[in-house]
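Here is the file run_8.txt (compact mmCIF, C-alpha atoms).
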```txt
# COMPACT_ATOMS: atom_id res chain seq x y z
CA MET R 3 -17.11 0.80 -116.40
CA SER R 4 -18.26 -2.65 -117.29
CA ARG R 5 -17.33 -5.58 -115.13
CA ASP R 6 -16.74 -7.89 -118.05
CA ASP R 7 -13.13 -8.49 -117.24
CA ASP R 8 -13.96 -11.93 -115.94
CA LYS R 9 -12.46 -13.95 -118.74
CA GLY R 10 -10.34 -16.65 -117.21
CA TRP R 11 -11.47 -15.78 -113.72
CA ASP R 12 -12.27 -18.76 -111.58
CA THR R 13 -16.00 -18.40 -111.15
CA GLY R 14 -15.98 -21.43 -108.87
CA LEU R 15 -14.94 -19.01 -106.15
CA SER R 16 -17.92 -16.75 -106.57
CA ARG R 17 -19.91 -18.25 -103.69
CA PHE R 18 -17.02 -17.58 -101.35
CA LEU R 19 -16.71 -14.02 -102.55
CA ASP R 20 -20.46 -13.53 -102.25
CA ALA R 21 -20.27 -14.55 -98.61
CA GLU R 22 -17.41 -12.15 -97.91
CA ARG R 23 -19.17 -9.30 -99.71
CA ARG R 24 -21.93 -9.55 -97.12
CA ASN R 25 -19.44 -9.74 -94.30
CA VAL R 26 -19.14 -6.01 -93.67
CA THR R 27 -19.28 -5.82 -89.92
CA ALA R 28 -17.51 -4.73 -86.77
CA PRO R 29 -17.78 -5.57 -83.08
CA ASP R 30 -20.88 -4.06 -81.56
CA ASP R 31 -19.26 -1.49 -79.32
CA ALA R 32 -16.20 -0.71 -81.44
CA GLU R 33 -17.89 2.16 -83.24
CA GLU R 34 -18.69 4.03 -80.05
CA ARG R 35 -15.25 3.45 -78.61
CA VAL R 36 -13.47 4.66 -81.72
CA TRP R 37 -15.81 7.62 -82.09
CA GLY R 38 -15.12 8.65 -78.51
CA ARG R 39 -11.40 8.63 -79.18
CA VAL R 40 -11.71 10.38 -82.53
CA ALA R 41 -14.00 13.08 -81.12
CA ALA R 42 -11.58 13.68 -78.27
CA GLY R 43 -8.65 13.79 -80.66
CA ILE R 44 -10.18 16.47 -82.82
CA GLY R 45 -11.33 18.66 -79.99
CA GLY R 46 -14.60 17.07 -78.98
CA PHE R 47 -17.93 16.91 -80.69
CA GLY R 48 -21.13 17.39 -78.77
CA GLY R 49 -22.62 14.04 -77.97
CA SER R 50 -22.02 10.77 -79.65
CA GLY R 51 -24.90 11.10 -82.04
CA GLY R 52 -24.80 7.38 -81.92
CA SER R 53 -27.28 5.06 -83.42
CA GLY R 54 -26.07 2.28 -81.20
CA GLY R 55 -26.07 -0.12 -84.06
CA GLY R 56 -23.77 1.59 -86.45
CA GLY R 57 -26.40 3.11 -88.63
CA THR R 58 -26.13 6.22 -90.62
CA GLY R 59 -28.26 8.41 -88.50
CA ASP R 60 -27.17 10.82 -85.87
CA GLY R 61 -29.09 13.14 -83.75
CA GLY R 62 -29.39 16.85 -83.77
CA LYS R 63 -27.23 16.92 -80.69
CA SER R 64 -24.15 16.39 -82.76
CA SER R 65 -25.08 19.21 -85.04
CA ALA R 66 -25.62 21.53 -82.15
CA GLY R 67 -22.37 20.41 -80.58
CA ALA R 68 -20.43 20.97 -83.76
CA ARG R 69 -21.94 24.38 -84.18
CA ALA R 70 -21.25 25.28 -80.59
CA ARG R 71 -17.70 24.12 -81.03
CA ALA R 72 -17.26 26.24 -84.11
CA ALA R 73 -18.84 29.23 -82.45
CA SER R 74 -16.91 29.01 -79.23
CA GLY R 75 -13.74 28.44 -81.16
CA GLU R 76 -13.98 32.00 -82.35
CA VAL R 77 -13.81 33.34 -78.83
CA SER R 78 -10.26 34.14 -78.05
CA PRO R 79 -9.41 32.84 -74.62
CA LYS R 80 -8.02 35.18 -72.04
CA PRO R 81 -5.50 33.11 -70.19
CA GLY R 82 -2.28 34.40 -68.83
CA ARG R 83 -2.13 37.01 -66.18
CA TRP R 84 -5.23 36.23 -64.22
CA LEU R 85 -4.34 32.57 -64.13
CA ALA R 86 -0.84 33.33 -62.97
CA SER R 87 -2.10 35.65 -60.28
CA ASN R 88 -4.54 33.12 -58.90
CA PRO R 89 -2.76 30.31 -57.18
CA GLY R 90 -6.14 28.76 -56.38
CA ILE R 91 -6.68 27.86 -60.00
CA LEU R 92 -3.19 26.52 -60.30
CA ALA R 93 -3.76 24.43 -57.21
CA VAL R 94 -6.99 23.06 -58.65
CA TYR R 95 -5.20 22.34 -61.88
CA ALA R 96 -2.45 20.54 -60.04
CA LEU R 97 -4.96 18.57 -58.04
CA GLY R 98 -6.87 17.82 -61.19
CA VAL R 99 -3.75 16.48 -62.79
CA ALA R 100 -3.04 14.46 -59.69
CA THR R 101 -6.49 12.92 -59.62
CA GLY R 102 -6.26 12.37 -63.33
CA ILE R 103 -3.11 10.43 -62.76
CA VAL R 104 -4.79 8.49 -59.99
CA GLY R 105 -7.69 7.81 -62.31
CA SER R 106 -5.37 6.75 -65.06
CA VAL R 107 -3.41 4.46 -62.83
CA LEU R 108 -6.54 2.93 -61.43
CA ALA R 109 -8.04 2.56 -64.88
CA SER R 110 -4.89 0.93 -66.10
CA HIS R 111 -4.79 -1.29 -63.06
CA ALA R 112 -8.44 -2.12 -63.48
CA THR R 113 -7.90 -2.98 -67.09
CA SER R 114 -5.09 -5.30 -66.29
CA ARG R 115 -7.10 -6.95 -63.56
CA GLY R 116 -10.31 -7.07 -65.54
CA TYR R 117 -12.37 -4.89 -63.21
CA ALA R 118 -13.06 -1.25 -62.72
CA SER R 119 -12.24 0.84 -59.74
CA ASN R 120 -13.47 4.21 -58.67
CA PRO R 121 -10.69 6.75 -59.02
CA ARG R 122 -12.27 8.99 -56.40
CA VAL R 123 -10.18 7.59 -53.63
CA ASP R 124 -12.11 9.38 -50.94
CA ARG R 125 -15.26 7.49 -51.84
CA VAL R 126 -14.27 4.04 -52.75
CA GLU R 127 -16.68 1.76 -51.01
CA THR R 128 -16.57 -1.55 -52.82
CA VAL R 129 -14.14 -3.15 -55.14
CA ALA R 130 -14.52 -6.76 -56.11
CA VAL R 131 -12.69 -8.92 -58.59
CA ASP R 132 -15.62 -10.86 -59.97
CA ARG R 133 -15.43 -10.37 -63.71
CA GLU R 134 -19.11 -11.03 -64.21
CA VAL R 135 -20.82 -8.84 -61.66
CA VAL R 136 -18.93 -6.23 -59.73
CA PRO R 137 -20.80 -3.99 -57.32
CA MET R 138 -19.50 -0.48 -57.68
CA PRO R 139 -20.47 2.80 -56.06
CA VAL R 140 -20.74 4.48 -59.43
CA ALA R 141 -23.15 5.16 -62.20
CA VAL R 142 -22.83 3.19 -65.36
CA ALA R 143 -25.04 4.08 -68.26
CA LEU R 144 -23.36 2.49 -71.20
CA SER R 145 -26.37 2.10 -73.37
CA GLY R 146 -27.71 5.44 -72.32
CA THR R 147 -24.71 7.51 -73.20
CA ALA R 148 -25.71 7.92 -76.81
CA ASP R 149 -29.06 9.26 -75.82
CA ALA R 150 -27.90 11.34 -72.93
CA ALA R 151 -29.86 14.46 -72.32
CA PRO R 152 -28.36 17.76 -73.39
CA SER R 153 -25.86 19.28 -71.07
CA PRO R 154 -27.53 20.08 -67.77
CA PRO R 155 -26.82 23.30 -65.91
CA ALA R 156 -24.26 23.11 -63.17
CA THR R 157 -26.89 23.16 -60.49
CA SER R 158 -28.47 19.99 -61.77
CA VAL R 159 -25.49 17.73 -61.41
CA GLY R 160 -27.26 14.67 -60.16
CA ALA R 161 -26.43 12.20 -57.48
CA ARG R 162 -24.87 8.95 -58.54
CA PRO R 163 -27.02 5.87 -58.42
CA PRO R 164 -25.78 3.72 -55.58
CA MET R 165 -24.92 0.53 -57.37
CA ALA R 166 -24.49 -0.75 -60.89
CA THR R 167 -23.25 -3.80 -62.63
CA VAL R 168 -20.00 -3.29 -64.44
CA GLY R 169 -17.62 -5.29 -66.52
CA PRO R 170 -14.84 -4.78 -69.00
CA ALA R 171 -17.04 -2.34 -70.91
CA THR R 172 -17.01 -0.04 -67.89
CA VAL R 173 -13.25 -0.05 -67.89
CA ARG R 174 -13.37 1.12 -71.48
CA THR R 175 -15.89 3.78 -70.53
CA LEU R 176 -13.59 5.03 -67.80
CA GLU R 177 -10.77 5.18 -70.29
CA GLU R 178 -12.91 7.15 -72.73
CA GLU R 179 -13.92 9.54 -69.98
CA ARG R 180 -10.31 10.01 -69.04
CA VAL R 181 -9.36 10.79 -72.64
CA LEU R 182 -11.95 13.56 -72.80
CA LEU R 183 -10.82 15.05 -69.51
CA ASP R 184 -7.20 14.83 -70.62
CA VAL R 185 -8.15 17.04 -73.54
CA ALA R 186 -9.81 19.48 -71.13
CA ARG R 187 -6.80 19.48 -68.82
CA THR R 188 -4.41 20.02 -71.68
CA SER R 189 -6.45 22.99 -72.87
CA LEU R 190 -6.47 24.31 -69.34
CA GLY R 191 -2.71 23.99 -69.19
CA ARG R 192 -2.50 26.12 -72.31
CA GLY R 193 -4.77 28.71 -70.73
CA ASP R 194 -7.48 27.86 -73.25
CA GLY R 195 -10.64 27.99 -71.16
CA ALA R 196 -12.97 27.81 -74.17
CA GLY R 197 -11.17 24.76 -75.49
CA ALA R 198 -11.38 23.11 -72.09
CA MET R 199 -15.10 23.80 -71.94
CA ARG R 200 -15.63 22.15 -75.32
CA ALA R 201 -14.13 18.95 -74.00
CA ILE R 202 -16.05 19.36 -70.74
CA THR R 203 -19.29 19.75 -72.67
CA ALA R 204 -18.51 16.66 -74.72
CA HIS R 205 -17.89 14.71 -71.52
CA GLU R 206 -21.00 16.08 -69.90
CA GLN R 207 -23.17 15.07 -72.82
CA ARG R 208 -21.73 11.59 -73.11
CA TYR R 209 -21.30 10.88 -69.41
CA PRO R 210 -23.55 13.18 -67.40
CA GLN R 211 -23.21 10.88 -64.38
CA GLY R 212 -19.83 9.51 -65.35
CA LEU R 213 -17.16 8.02 -63.16
CA LEU R 214 -15.11 11.19 -63.50
CA ALA R 215 -17.98 13.68 -63.17
CA GLU R 216 -16.46 15.14 -60.01
CA GLU R 217 -13.15 15.82 -61.69
CA ARG R 218 -14.99 17.20 -64.71
CA GLU R 219 -16.82 19.72 -62.55
CA ALA R 220 -13.59 20.87 -60.93
CA ILE R 221 -11.99 21.39 -64.33
CA ALA R 222 -15.11 23.15 -65.60
CA ILE R 223 -14.88 25.71 -62.81
CA GLN R 224 -11.29 26.46 -63.68
CA ALA R 225 -12.18 26.76 -67.34
CA LEU R 226 -15.02 29.17 -66.61
CA LEU R 227 -12.65 31.31 -64.55
CA LEU R 228 -10.26 31.43 -67.45
CA ILE R 229 -12.78 32.42 -70.10
CA PRO R 230 -13.67 34.40 -67.86
CA SER R 231 -17.24 33.64 -66.90
CA PHE R 232 -17.26 34.38 -63.21
CA GLU R 233 -20.98 34.01 -62.55
CA ASP R 234 -21.09 30.60 -64.18
CA ALA R 235 -18.00 29.63 -62.23
CA ARG R 236 -19.65 30.68 -58.95
CA ARG R 237 -22.85 28.77 -59.75
CA ARG R 238 -20.93 25.69 -60.69
CA GLU R 239 -18.76 25.92 -57.60
CA ALA R 240 -21.86 26.16 -55.41
CA ALA R 241 -23.25 23.05 -57.05
CA PHE R 242 -19.89 21.35 -56.53
CA GLU R 243 -20.02 22.13 -52.82
CA ARG R 244 -23.47 20.57 -52.53
CA GLN R 245 -22.69 17.57 -54.65
CA TYR R 246 -19.22 16.74 -53.40
CA PRO R 247 -18.95 18.08 -49.83
CA HIS R 248 -16.09 15.71 -49.02
CA SER R 249 -14.15 16.10 -52.23
CA MET R 250 -10.40 16.35 -52.02
CA LEU R 251 -10.73 19.01 -54.72
CA LEU R 252 -13.18 21.13 -52.77
CA GLN R 253 -10.72 23.32 -50.91
CA ALA R 254 -8.86 24.28 -54.06
CA VAL R 255 -12.05 24.78 -56.03
CA ARG R 256 -13.43 27.01 -53.30
CA ALA R 257 -10.20 29.01 -53.08
CA SER R 258 -10.11 29.62 -56.80
CA VAL R 259 -13.61 31.08 -56.83
CA GLN R 260 -12.93 33.17 -53.72
CA SER R 261 -10.03 34.73 -55.56
CA ILE R 262 -12.32 36.25 -58.19
CA PRO R 263 -11.67 39.98 -58.19
CA MET M 10 -21.02 20.37 -103.71
CA PRO M 11 -19.37 22.11 -100.76
CA PRO M 12 -16.71 20.26 -98.80
CA LEU M 13 -17.78 18.40 -95.67
CA ASP M 14 -17.74 20.11 -92.30
CA ASP M 15 -17.46 18.47 -88.89
CA LEU M 16 -21.04 17.29 -89.05
CA GLY M 17 -20.42 15.80 -92.46
CA PHE M 18 -17.38 14.04 -91.07
CA GLN M 19 -19.41 12.61 -88.21
CA ARG M 20 -22.04 11.33 -90.63
CA MET M 21 -19.34 9.80 -92.77
CA PHE M 22 -17.88 8.09 -89.72
CA ARG M 23 -21.24 6.70 -88.71
CA ALA M 24 -22.12 5.51 -92.17
CA GLU M 25 -18.78 3.98 -93.06
CA PHE M 26 -17.25 2.78 -89.80
CA ARG M 27 -18.08 -0.84 -90.47
CA TYR M 28 -16.79 -0.58 -93.99
CA VAL M 29 -13.50 0.87 -92.76
CA TRP M 30 -13.23 -1.78 -90.07
CA THR M 31 -13.85 -4.50 -92.65
CA SER M 32 -11.38 -2.99 -95.09
CA LEU M 33 -8.63 -2.85 -92.48
CA ARG M 34 -9.31 -6.48 -91.64
CA ARG M 35 -9.21 -7.50 -95.29
CA LEU M 36 -5.97 -5.57 -95.68
CA GLY M 37 -4.40 -7.69 -92.98
CA VAL M 38 -4.56 -5.62 -89.80
CA PRO M 39 -5.13 -8.07 -86.92
CA VAL M 40 -8.52 -7.65 -85.28
CA ARG M 41 -6.91 -6.79 -81.95
CA ASP M 42 -5.28 -3.72 -83.50
CA ILE M 43 -8.01 -2.56 -85.88
CA GLU M 44 -9.52 -0.24 -83.30
CA ASP M 45 -6.26 1.62 -82.81
CA VAL M 46 -5.55 1.80 -86.52
CA ALA M 47 -9.12 2.95 -87.27
CA HIS M 48 -8.78 5.66 -84.65
CA GLU M 49 -5.58 7.00 -86.18
CA MET M 50 -7.01 6.68 -89.65
CA PHE M 51 -10.15 8.66 -88.93
CA LEU M 52 -8.08 11.42 -87.35
CA GLU M 53 -6.18 11.59 -90.63
CA VAL M 54 -9.44 11.50 -92.60
CA HIS M 55 -10.65 14.44 -90.53
CA ARG M 56 -7.49 16.39 -91.32
CA HIS M 57 -8.14 15.88 -95.02
CA ILE M 58 -11.91 16.12 -95.01
CA GLY M 59 -11.76 19.39 -96.93
CA ARG M 60 -10.20 17.56 -99.86
CA TYR M 61 -13.01 15.09 -100.20
CA ASP M 62 -15.31 15.75 -103.12
CA PRO M 63 -18.82 14.70 -102.04
CA ALA M 64 -19.64 14.10 -105.69
CA ARG M 65 -17.23 11.18 -105.66
CA PRO M 66 -17.92 7.79 -104.05
CA VAL M 67 -16.74 7.85 -100.47
CA ARG M 68 -15.67 4.24 -100.06
CA PRO M 69 -12.77 4.21 -102.52
CA TRP M 70 -11.61 7.48 -100.97
CA LEU M 71 -11.67 5.98 -97.48
CA PHE M 72 -10.15 2.76 -98.72
CA ALA M 73 -7.07 4.64 -99.89
CA PHE M 74 -6.56 5.80 -96.30
CA ALA M 75 -7.11 2.27 -95.05
CA LEU M 76 -4.53 0.93 -97.48
CA ARG M 77 -1.93 3.44 -96.36
CA PHE M 78 -2.54 2.76 -92.69
CA ALA M 79 -2.51 -0.99 -93.25
CA ALA M 80 0.79 -0.66 -95.11
CA ASP M 81 2.23 1.46 -92.30
CA TYR M 82 1.05 -1.08 -89.76
CA ARG M 83 2.73 -3.79 -91.77
CA LYS M 84 6.02 -1.91 -91.76
CA GLN M 85 5.83 -1.30 -88.03
CA ALA M 86 5.01 -4.93 -87.42
CA ARG M 87 8.10 -5.89 -89.37
CA VAL M 88 10.18 -3.49 -87.33
CA ARG M 89 8.82 -5.10 -84.21
CA ARG M 90 9.60 -8.47 -85.79
CA GLU M 91 6.22 -9.78 -84.92
CA GLY M 92 5.97 -11.90 -87.98
CA PHE M 93 3.50 -10.16 -90.20
CA GLU M 94 1.26 -11.47 -91.69
CA GLU M 95 -0.56 -13.33 -88.98
CA PRO M 96 -3.28 -15.85 -89.57
CA PRO M 97 -6.30 -13.92 -90.77
CA GLU M 98 -9.17 -13.38 -88.42
CA LEU M 99 -12.82 -12.78 -88.99
CA ALA M 100 -14.37 -9.67 -87.56
CA ASP M 101 -16.69 -10.90 -84.88
CA PRO M 102 -18.72 -14.03 -84.72
CA SER M 103 -22.07 -12.38 -85.01
CA PRO M 104 -25.15 -13.86 -83.41
CA GLY M 105 -26.43 -16.67 -85.50
CA ALA M 106 -23.07 -17.27 -87.10
CA ASP M 107 -23.23 -20.91 -86.12
CA ALA M 108 -26.45 -21.23 -88.04
CA HIS M 109 -24.63 -20.07 -91.15
CA LEU M 110 -21.62 -22.29 -90.93
CA ALA M 111 -21.16 -22.50 -94.67
CA GLN M 112 -21.04 -18.74 -94.98
CA ARG M 113 -18.62 -18.50 -92.11
CA GLU M 114 -16.35 -21.07 -93.65
CA ALA M 115 -16.54 -19.24 -96.95
CA CYS M 116 -15.50 -16.00 -95.27
CA GLU M 117 -12.64 -17.76 -93.53
CA LEU M 118 -11.44 -19.15 -96.82
CA VAL M 119 -11.55 -15.71 -98.43
CA ALA M 120 -9.73 -14.16 -95.49
CA GLU M 121 -6.98 -16.76 -95.64
CA ALA M 122 -6.65 -16.54 -99.41
CA LEU M 123 -6.56 -12.74 -99.30
CA ALA M 124 -3.61 -12.92 -96.93
CA ALA M 125 -1.66 -14.70 -99.66
CA VAL M 126 -2.08 -11.81 -102.11
CA ASP M 127 0.45 -8.97 -102.29
CA LEU M 128 -0.96 -5.94 -100.46
CA ASP M 129 -1.08 -3.51 -103.38
CA ARG M 130 -2.67 -6.11 -105.64
CA ARG M 131 -4.96 -7.16 -102.83
CA ALA M 132 -6.24 -3.61 -102.55
CA VAL M 133 -7.37 -3.58 -106.17
CA PHE M 134 -8.86 -7.05 -105.77
CA ILE M 135 -10.86 -6.07 -102.69
CA LEU M 136 -12.20 -2.91 -104.26
CA PHE M 137 -13.15 -4.65 -107.50
CA GLU M 138 -14.30 -8.08 -106.38
CA LEU M 139 -15.71 -7.42 -102.91
CA ASP M 140 -16.66 -3.75 -102.88
CA GLU M 141 -17.67 -3.86 -106.55
CA VAL M 142 -16.21 -0.45 -107.28
CA PRO M 143 -15.79 0.47 -110.98
CA MET M 144 -12.19 0.23 -112.10
CA ALA M 145 -12.05 3.91 -113.05
CA ASP M 146 -12.87 4.87 -109.48
CA ILE M 147 -10.38 2.33 -108.14
CA ALA M 148 -7.62 3.75 -110.30
CA ALA M 149 -8.50 7.30 -109.31
CA SER M 150 -8.62 6.61 -105.59
CA LEU M 151 -5.36 4.65 -105.56
CA GLY M 152 -3.63 7.03 -107.96
CA LEU M 153 -2.98 4.37 -110.57
CA PRO M 154 -3.28 4.28 -114.36
CA VAL M 155 -6.30 2.16 -115.24
CA ASN M 156 -4.16 -0.35 -117.11
CA THR M 157 -1.96 -0.81 -114.06
CA ALA M 158 -5.02 -1.38 -111.93
CA TYR M 159 -6.27 -4.04 -114.33
CA SER M 160 -2.86 -5.66 -114.37
CA ARG M 161 -2.85 -5.81 -110.57
CA LEU M 162 -6.34 -7.27 -110.62
CA ARG M 163 -5.30 -10.09 -112.94
CA LEU M 164 -2.27 -10.97 -110.84
CA ALA M 165 -4.31 -10.74 -107.66
CA ARG M 166 -6.93 -13.08 -109.06
CA ASP M 167 -4.27 -15.63 -109.89
CA GLU M 168 -2.74 -15.41 -106.44
CA PHE M 169 -6.11 -15.54 -104.77
CA ALA M 170 -7.37 -18.50 -106.82
CA SER M 171 -4.17 -20.47 -106.21
CA ALA M 172 -4.37 -19.83 -102.49
CA ALA M 173 -8.06 -20.68 -102.37
CA LYS M 174 -7.45 -24.00 -104.10
CA ARG M 175 -4.67 -24.85 -101.70
CA ILE M 176 -6.93 -24.09 -98.78
CA GLN M 177 -9.80 -26.11 -100.24
CA LEU M 178 -7.47 -29.02 -100.88
CA ARG M 179 -6.11 -28.86 -97.37
CA ARG M 180 -9.59 -28.77 -95.90
CA GLY M 181 -10.67 -31.63 -98.11
CA LEU M 182 -7.80 -33.73 -96.86
CA ARG M 183 -8.63 -33.16 -93.23
```

Encoding of this model in structure tokens:
Amino acid sequence: MSRDDDKGWDTGLSRFLDAERRNVTAPDDAEERVWGRVAAGIGGFGGSGGSGGGGTGDGGKSSAGARARAASGEVSPKPGRWLASNPGILAVYALGVATGIVGSVLASHATSRGYASNPRVDRVETVAVDREVVPMPVAVALSGTADAAPSPPATSVGARPPMATVGPATVRTLEEERVLLDVARTSLGRGDGAGAMRAITAHEQRYPQGLLAEEREAIAIQALLLIPSFEDARRREAAFERQYPHSMLLQAVRASVQSIP
Amino acid sequence: MPPLDDLGFQRMFRAEFRYVWTSLRRLGVPVRDIEDVAHEMFLEVHRHIGRYDPARPVRPWLFAFALRFAADYRKQARVRREGFEEPPELADPSPGADAHLAQREACELVAEALAAVDLDRRAVFILFELDEVPMADIAASLGLPVNTAYSRLRLARDEFASAAKRIQLRRGLR
């Protein structure tokens, strides 16, 4: 199609239009935020595959994640009876929901106040209201999330770095983490252990040391019990005990694994 | 060509996110709400990814989604009585923007003039004048007869040029 339909068109405006043609842009971190929400909304892709700058490339992680998602989606979950007969899992689920609510409330509160707070109420050490630099007892790896290493085994859940500088971006990160775990919890509520693990894996790849890593691990154990994958659940529970010896979720997590037939 | 799978969708997202963001802005969605609208839009794109023909240009196909979501946003804004359309906003003042003041002012003028153009006509104008999409592809993506698309383009140009002159005059009088 020719573009010769310019008769009568005010060519005096061409320099303005030229400028706007080049003005194809978006805020730097918008792409990652939207992708996190989209990936969560469609069931979770592995990794962000992000280029960080909005380029066209994405890593092989995303491909592997998508394939894993497709593959695991074919496994029919075995929810139902075992879940119902194991109050430990239900207790963990309830506690998970409770802490999720706490996390959500704190995230919301933090957003409104312009700072982030650690939802793990048993470990909150420092909360400040300085918008510029806020010492927090959490790990923040915003720029590193796109290049996060592949999902580590349960036994390698690392310790959190002691301090990090956070700002409004961390609040967004917490919100994105929460969205992914909400997907996992919802799947768990449906008795869909495989679906929950897809969201867990997505969270693990994006936020291996995330603010909600503790809650993620608790949900992962429940999901593994549902699949069922008892050995993996036991290994992950042992790692949970080492990593979070004072967790408010520990008792329920332990009880759920002890109830394995 | 086979339809896109999840990986293809992810690549599309990565390649075209900025274009979608820009299109939503040009279609009048306030910057503060573009992220939410883009999120909803890409979920819808994912639901329809099987219908996309990779042999066709992707931007007009995505733009049709953007137009629908911008129109829906407009309706909701009216329901909320928030006074759509708001003063247009630029995307983000990128580093070095101050050094290119003339370009920035030009973009602001275009944004303000675009806001004066009827949304359906504006869509054709954006695709033709800014995205430089052939009219046949524009008509196909928006589901219009080619003659109708040309008619909308002519009207949009008139509206845009009138608005641009008003803006230039106003600025000149400042």

Gap from CA of Ala186 (chain R) to CA of Ala201 (chain R) - Å, one decimal: 5.2 Å

Would you list the contacts of region 107-123 of chain M as a tab-separated table (two decimals) with C-alpha atoms, in the coordinates of the input, taking every protein, DNA or RNA residue within 10 Å and counting only C-alpha atoms, but skipping same-chain residues closer than 3 positions in sequence?
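As written to disk, around-v6.tsv reads:
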```
chain	number	residue	atom	x	y	z
R	15	LEU	CA	-14.94	-19.01	-106.15
R	17	ARG	CA	-19.91	-18.25	-103.69
R	18	PHE	CA	-17.02	-17.58	-101.35
R	19	LEU	CA	-16.71	-14.02	-102.55
R	20	ASP	CA	-20.46	-13.53	-102.25
R	21	ALA	CA	-20.27	-14.55	-98.61
R	22	GLU	CA	-17.41	-12.15	-97.91
R	23	ARG	CA	-19.17	-9.30	-99.71
R	24	ARG	CA	-21.93	-9.55	-97.12
R	25	ASN	CA	-19.44	-9.74	-94.30
M	34	ARG	CA	-9.31	-6.48	-91.64
M	35	ARG	CA	-9.21	-7.50	-95.29
M	36	LEU	CA	-5.97	-5.57	-95.68
M	37	GLY	CA	-4.40	-7.69	-92.98
M	95	GLU	CA	-0.56	-13.33	-88.98
M	96	PRO	CA	-3.28	-15.85	-89.57
M	97	PRO	CA	-6.30	-13.92	-90.77
M	98	GLU	CA	-9.17	-13.38	-88.42
M	99	LEU	CA	-12.82	-12.78	-88.99
M	102	PRO	CA	-18.72	-14.03	-84.72
M	103	SER	CA	-22.07	-12.38	-85.01
M	104	PRO	CA	-25.15	-13.86	-83.41
M	126	VAL	CA	-2.08	-11.81	-102.11
M	127	ASP	CA	0.45	-8.97	-102.29
M	128	LEU	CA	-0.96	-5.94	-100.46
M	130	ARG	CA	-2.67	-6.11	-105.64
M	131	ARG	CA	-4.96	-7.16	-102.83
M	132	ALA	CA	-6.24	-3.61	-102.55
M	134	PHE	CA	-8.86	-7.05	-105.77
M	135	ILE	CA	-10.86	-6.07	-102.69
M	165	ALA	CA	-4.31	-10.74	-107.66
M	166	ARG	CA	-6.93	-13.08	-109.06
M	168	GLU	CA	-2.74	-15.41	-106.44
M	169	PHE	CA	-6.11	-15.54	-104.77
M	170	ALA	CA	-7.37	-18.50	-106.82
M	171	SER	CA	-4.17	-20.47	-106.21
M	172	ALA	CA	-4.37	-19.83	-102.49
M	173	ALA	CA	-8.06	-20.68	-102.37
M	174	LYS	CA	-7.45	-24.00	-104.10
M	175	ARG	CA	-4.67	-24.85	-101.70
M	176	ILE	CA	-6.93	-24.09	-98.78
M	177	GLN	CA	-9.80	-26.11	-100.24
M	180	ARG	CA	-9.59	-28.77	-95.90
```

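Of the residues under consideration (R:Ser16, R:Ala225, R:Pro29, R:Leu183), R:Pro29 shows the shortest atom-to-atom contact distance to chain M when counting all atoms listed in the file.
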
Interface, chain M side, toward chain R (7 Å; only C-alpha atoms) as an MDAnalysis selection string: chainID M and resid 15:16 20 23:24 26:28 30:31 44 48 51:52 100:101 112 115:116 119 139:140 143:145 170

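Computed from the coordinates, the CA of Arg83 (chain M) to CA of Asp146 (chain M) distance equals 25.1 Å.
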
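Note that CA of Gly195 (chain R) and CA of Glu233 (chain R) are 14.7 Å apart.
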